[in-house]
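What follows is a set of notes on a single structure, which appears directly below.
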Amino acid sequence: MGFLRSVLTTSLLLASNAAAVDPIVMKGTKFFTKSGSQFFIKGVAYQQEAGGGPQGTTDSKNKFVDPLSDAKTCQRDVPLLQKLGVNTIRTYAIDPKVDHSACMSLLDKAGIYVVADMGEPALSINRDSPAWNVELFDRYKAVIDNLGQYDNVLGFFAGNEVTNNNTNTGASAYVKAATRDTKKYISDKMANGGRWMGVGYAANDDAEIRNNMAQYFNCGEQENAIDFWGYNIYSWCGKSSFTESGYDVQVNFFSNFSVPVFFAEYGCNTVGGAEGRLWDDTTALFSSQMTGVFSGGISYMFHEEENDYGLVKVSGNSATPMKNYGVLQSKLAAVKPSSTSMGSYNPTNSPAACPGISENWKAADVLPPTPDTSLCDCMAKSVSCVPSDDLAEKEYGDIFGYICENDPTACAGIKQDEEKGVYGPYGMCNAKDQLAHVLNAYYTNQKSASSACNFNGAAKVVSGSTDSSCKAALDKANSAVAVAATATAGSASGSSTGGSTPNAAAPSSVRSTPFMTMGDMAIGLYMVVAMGVGAGMMVL
């Protein structure tokens, strides 16, 4: 009876708002409903254990529960979201293989939109070993395919705090490449009758990099740039003010930004924990001091957890609003942001200039290539030296290490140098295909010596072939490899001009004592080898 009563209560609560939401569109620096009314995000982060919040984790072992996959949970929570007064939720990881129609329908009837991160803890762009590859692109496209069918999806985040300080700014190049490619994927759908959905990025509030990062994602060709900018900011703590919190600084900086900006997370808890939050930052966010620049924000977070940022305590099948839920509810109910209509709004801001390379910024304007499974397949079939069938992935790293140290040009095809904007065409491929390319390049550079394709049984010679449908793509990729190899020449680690190099035969220990695990580490390793090479750029 308890569950039945919950279902009936939910149905009655949502019945008064049964009409589907009006899809959101973007014009200049503002969001609008398709009918032309300005839209401000009044949101809340809605996911347990998924790496959000201050200093969001990138731990691949962090498991997640898809918050939109269980109808019973949504029947319990959507009325609380509606009562809170939010019109948007942010999810950090969904399973694109499951059906979300029940939850999305409940949210739709409650007038609630969704902004969804496209990654998940085990498959996202990792700041410590960044990549933009076929596996990631497939994941991101699957999320778009799954959620894009619902009109109450506002858009997606290509990353969340991937770059979080000045030691990992190069990782932003891969997130911007992901932004470019997912925008193109959505654009292609629009050409076939689909609708607009934005792709943005959620950045942390680091004073040394925040301006460069915002400019980087906004600059250049707008097909590559973010559609909106999410800002994770926790500077308003306890009794604060517009100036003490630094909100005035943010308004001043983003006043010239050319796309919508909103708080992707906010809600400092350092004064009294979650229950000590006064939510005065919400009042400020929707005041006339900010609404000309900011399009609202997403409070952090719905669920109370160990980090003590919650609004609702969940125990078993019950969900109980906390004291600060009521505080935020009253603040949201009181805001009346000044707005404009889409028809009377004429954007005037232009995209930012790209930041130069500096001590605090190491990502060039040139981006990694678009992941292309067919190119990787063509390459893998064409090579003559490949990994042995029984070679374990944990053994790949030792072979990469040996070849890239002794013959750097053999690794040019997987080269990734964000600061110089040099990317080999095969850095997007899976680990096995990358190794096949490197082994074959080394084998070729050693004039096909039998000892150059053995590695104590870790590699073998095969009869590679190039299908006629692959020729044009492989020719283009080979030209790109040559450019990357030119940039590699002069490396302190050694170089190859196509002839034999010293120490051509790999030592027998290559297979028996691997020194690192493969995966993304192949790329990280080669980046170390490639440091300090001559300038050069490649665009595939």
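Note on naming: chains are A, B, ... as they come in the structure tokens, residues start from 1 per chain, ligands start from 1 in the order shown.
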
Discussion item. Can you pull out every residue from segment 365-468 of chain A that DSSP, working from the backbone, puts in strand (DSSP E), and format the result as a ChimeraX atom specification?
Written reply: /A:385-387,416-417,422-423,459-461

Go ahead and dump the residues you just picked, all heavy atoms, as a PDB file, in the first residue's frame.
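Ended up saving to part.pdb:
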ATOM      1  N   CYS A 385      53.786  -5.866 -38.812  1.00  0.00           N
ATOM      2  CA  CYS A 385      54.308  -6.307 -37.521  1.00  0.00           C
ATOM      3  C   CYS A 385      53.266  -5.960 -36.469  1.00  0.00           C
ATOM      4  O   CYS A 385      52.901  -4.790 -36.320  1.00  0.00           O
ATOM      5  CB  CYS A 385      55.638  -5.647 -37.206  1.00  0.00           C
ATOM      6  SG  CYS A 385      56.369  -6.155 -35.628  1.00  0.00           S
ATOM      7  N   VAL A 386      52.781  -6.966 -35.742  1.00  0.00           N
ATOM      8  CA  VAL A 386      51.678  -6.757 -34.801  1.00  0.00           C
ATOM      9  C   VAL A 386      51.984  -7.447 -33.474  1.00  0.00           C
ATOM     10  O   VAL A 386      52.864  -8.306 -33.391  1.00  0.00           O
ATOM     11  CB  VAL A 386      50.359  -7.317 -35.373  1.00  0.00           C
ATOM     12  CG1 VAL A 386      50.000  -6.633 -36.683  1.00  0.00           C
ATOM     13  CG2 VAL A 386      50.438  -8.829 -35.554  1.00  0.00           C
ATOM     14  N   PRO A 387      51.256  -7.082 -32.414  1.00  0.00           N
ATOM     15  CA  PRO A 387      51.432  -7.772 -31.139  1.00  0.00           C
ATOM     16  C   PRO A 387      51.031  -9.243 -31.276  1.00  0.00           C
ATOM     17  O   PRO A 387      50.108  -9.587 -32.010  1.00  0.00           O
ATOM     18  CB  PRO A 387      50.479  -7.034 -30.192  1.00  0.00           C
ATOM     19  CG  PRO A 387      50.197  -5.726 -30.847  1.00  0.00           C
ATOM     20  CD  PRO A 387      50.271  -5.986 -32.303  1.00  0.00           C
ATOM     21  N   GLN A 416      51.349  12.908 -28.781  1.00  0.00           N
ATOM     22  CA  GLN A 416      50.408  13.886 -28.257  1.00  0.00           C
ATOM     23  C   GLN A 416      51.194  14.945 -27.505  1.00  0.00           C
ATOM     24  O   GLN A 416      51.751  14.679 -26.444  1.00  0.00           O
ATOM     25  CB  GLN A 416      49.384  13.223 -27.335  1.00  0.00           C
ATOM     26  CG  GLN A 416      48.517  12.217 -28.064  1.00  0.00           C
ATOM     27  CD  GLN A 416      47.353  11.716 -27.233  1.00  0.00           C
ATOM     28  OE1 GLN A 416      46.354  11.269 -27.774  1.00  0.00           O
ATOM     29  NE2 GLN A 416      47.472  11.772 -25.939  1.00  0.00           N
ATOM     30  N   ASP A 417      51.240  16.141 -28.056  1.00  0.00           N
ATOM     31  CA  ASP A 417      51.940  17.263 -27.427  1.00  0.00           C
ATOM     32  C   ASP A 417      50.988  18.454 -27.437  1.00  0.00           C
ATOM     33  O   ASP A 417      50.871  19.167 -28.418  1.00  0.00           O
ATOM     34  CB  ASP A 417      53.230  17.578 -28.193  1.00  0.00           C
ATOM     35  CG  ASP A 417      54.097  18.607 -27.480  1.00  0.00           C
ATOM     36  OD1 ASP A 417      53.550  19.437 -26.721  1.00  0.00           O
ATOM     37  OD2 ASP A 417      55.326  18.589 -27.681  1.00  0.00           O
ATOM     38  N   VAL A 422      50.679  19.237 -31.499  1.00  0.00           N
ATOM     39  CA  VAL A 422      51.085  18.169 -32.412  1.00  0.00           C
ATOM     40  C   VAL A 422      50.432  16.866 -31.956  1.00  0.00           C
ATOM     41  O   VAL A 422      50.624  16.424 -30.819  1.00  0.00           O
ATOM     42  CB  VAL A 422      52.618  18.003 -32.434  1.00  0.00           C
ATOM     43  CG1 VAL A 422      53.013  16.848 -33.349  1.00  0.00           C
ATOM     44  CG2 VAL A 422      53.287  19.287 -32.876  1.00  0.00           C
ATOM     45  N   TYR A 423      49.671  16.246 -32.854  1.00  0.00           N
ATOM     46  CA  TYR A 423      48.966  15.010 -32.527  1.00  0.00           C
ATOM     47  C   TYR A 423      49.098  14.021 -33.673  1.00  0.00           C
ATOM     48  O   TYR A 423      48.766  14.336 -34.809  1.00  0.00           O
ATOM     49  CB  TYR A 423      47.482  15.274 -32.270  1.00  0.00           C
ATOM     50  CG  TYR A 423      47.232  16.230 -31.129  1.00  0.00           C
ATOM     51  CD1 TYR A 423      47.050  17.591 -31.367  1.00  0.00           C
ATOM     52  CD2 TYR A 423      47.191  15.779 -29.813  1.00  0.00           C
ATOM     53  CE1 TYR A 423      46.837  18.486 -30.323  1.00  0.00           C
ATOM     54  CE2 TYR A 423      46.976  16.659 -28.761  1.00  0.00           C
ATOM     55  CZ  TYR A 423      46.798  18.002 -29.017  1.00  0.00           C
ATOM     56  OH  TYR A 423      46.590  18.887 -27.986  1.00  0.00           O
ATOM     57  N   ALA A 459      55.889  -9.943 -30.383  1.00  0.00           N
ATOM     58  CA  ALA A 459      55.409  -9.427 -31.661  1.00  0.00           C
ATOM     59  C   ALA A 459      55.616 -10.473 -32.739  1.00  0.00           C
ATOM     60  O   ALA A 459      56.426 -11.403 -32.592  1.00  0.00           O
ATOM     61  CB  ALA A 459      56.138  -8.138 -32.023  1.00  0.00           C
ATOM     62  N   LYS A 460      54.898 -10.326 -33.843  1.00  0.00           N
ATOM     63  CA  LYS A 460      55.016 -11.295 -34.932  1.00  0.00           C
ATOM     64  C   LYS A 460      54.798 -10.600 -36.273  1.00  0.00           C
ATOM     65  O   LYS A 460      54.133  -9.556 -36.358  1.00  0.00           O
ATOM     66  CB  LYS A 460      54.013 -12.422 -34.762  1.00  0.00           C
ATOM     67  CG  LYS A 460      52.555 -11.969 -34.843  1.00  0.00           C
ATOM     68  CD  LYS A 460      51.596 -13.142 -34.712  1.00  0.00           C
ATOM     69  CE  LYS A 460      50.135 -12.682 -34.846  1.00  0.00           C
ATOM     70  NZ  LYS A 460      49.192 -13.826 -34.745  1.00  0.00           N
ATOM     71  N   VAL A 461      55.354 -11.178 -37.316  1.00  0.00           N
ATOM     72  CA  VAL A 461      55.196 -10.669 -38.674  1.00  0.00           C
ATOM     73  C   VAL A 461      53.945 -11.291 -39.287  1.00  0.00           C
ATOM     74  O   VAL A 461      53.700 -12.496 -39.150  1.00  0.00           O
ATOM     75  CB  VAL A 461      56.424 -10.998 -39.529  1.00  0.00           C
ATOM     76  CG1 VAL A 461      56.200 -10.551 -40.982  1.00  0.00           C
ATOM     77  CG2 VAL A 461      57.665 -10.325 -38.955  1.00  0.00           C
TER      78      VAL A 461
END

Item to complete: Would you list, as number ranges by chain, the residues of segment 132-287 of chain A that end up in alpha helix (DSSP H) under DSSP run on this structure's backbone?
Response: A: 134-147, 172-191, 210-218, 247-254, 280-285

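Minimum atom-to-atom distance to Ala482 of chain A, evaluated using only C-alpha atoms, belongs to A:Thr409 out of A:Thr409, A:Asn445, A:Ser241, A:Gln434.
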
Fill in: Residue nearest Asp227 of chain A - candidates A:Cys376, A:Ile144, A:Leu136, A:Val25, atoms counted: only C-alpha atoms
A:Val25

Worksheet item: Residues at most 9 Å from Gly276 of chain A, counting only C-alpha atoms, excluding those fewer than 6 positions away in the same chain, as a PyMOL selection string?
Response: chain A and resi 238+269-270+323-324

Those same residues, written as a JSON list (two decimals), in the first residue's frame with N, CA, C and O atoms?
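The resulting out29.json:
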[["chain", "number", "residue", "atom", "x", "y", "z"],
["A", 238, "GLY", "N", 28.62, 31.07, 4.37],
["A", 238, "GLY", "CA", 28.00, 31.71, 5.54],
["A", 238, "GLY", "C", 27.45, 33.08, 5.18],
["A", 238, "GLY", "O", 26.91, 33.31, 4.10],
["A", 269, "ASN", "N", 29.64, 24.82, 2.19],
["A", 269, "ASN", "CA", 29.17, 24.24, 3.46],
["A", 269, "ASN", "C", 30.19, 24.38, 4.58],
["A", 269, "ASN", "O", 30.11, 23.68, 5.60],
["A", 270, "THR", "N", 31.18, 25.26, 4.41],
["A", 270, "THR", "CA", 32.24, 25.36, 5.41],
["A", 270, "THR", "C", 31.80, 26.03, 6.70],
["A", 270, "THR", "O", 32.52, 25.97, 7.70],
["A", 323, "LYS", "N", 16.71, 20.66, 6.92],
["A", 323, "LYS", "CA", 16.39, 22.06, 7.22],
["A", 323, "LYS", "C", 16.81, 22.98, 6.08],
["A", 323, "LYS", "O", 16.07, 23.89, 5.68],
["A", 324, "ASN", "N", 18.01, 22.76, 5.51],
["A", 324, "ASN", "CA", 18.48, 23.68, 4.47],
["A", 324, "ASN", "C", 17.72, 23.49, 3.15],
["A", 324, "ASN", "O", 17.78, 24.35, 2.28]]

Practice prompt. Might you pull out every residue within 7 Å of Ala45 of chain A, with only C-alpha atoms counted and same-chain residues fewer than 6 positions away left off, and present them as number ranges by chain?
Written response: A: 89-91, 298-302

Practice prompt. Excluding Cys219 of chain A and any residue of its chain fewer than 5 positions from it, enumerate the residues within 8 Å of it, using only C-alpha atoms, and give them as a ChimeraX atom specification.
Written response: /A:225,351-354

Worksheet entry | Atomic distance atom CA of Lys420 of chain A - atom CA of Ser350 of chain A, expressed in Å with one decimal |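 One can read the atom CA of Lys420 of chain A to atom CA of Ser350 of chain A distance as 26.0 Å.
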
Worksheet item: Which residue out of A:Ala473, A:Cys237, A:Ile226, A:Cys378 has the minimum interatomic distance to Tyr201 of chain A when only C-alpha atoms are used?
Response: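 Among the listed residues, the smallest separation from Tyr201 of chain A belongs to A:Ile226.
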
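One finds atom CA of Asp181 of chain A at 11.1 Å from atom CA of Asn133 of chain A.
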
Discussion item. Taking 2 positions as the minimum chain separation for residues in the same chain, which residues sit within 12 Å of Thr291 of chain A when counting only C-alpha atoms? Answer as a ChimeraX atom specification.
Written reply: /A:29-31,38-41,247,251,254-255,260-263,282-289,293-297,335-340

Item to complete: Enter the distance from atom CA of Gly119 of chain A to atom CA of Gln48 of chain A, in Å, rounded to one decimal.
Response: 15.0 Å

Worksheet item: Pick from A:Ser374, A:Thr243, A:Ser124, A:Asn430: nearest to Tyr92 of chain A, with only C-alpha atoms counted?
Response: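 Answer, going by the shortest atom-to-atom distance: A:Ser124.
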
Item to complete: Please provide as a VMD selection string all residues within 12 Å of Ser330 of chain A, with the sequence filter that same-chain residues fewer than 2 positions apart are discarded (counting only C-alpha atoms).
Response: chain A and resid 83 to 86 278 to 280 282 to 283 323 to 328 332 to 335
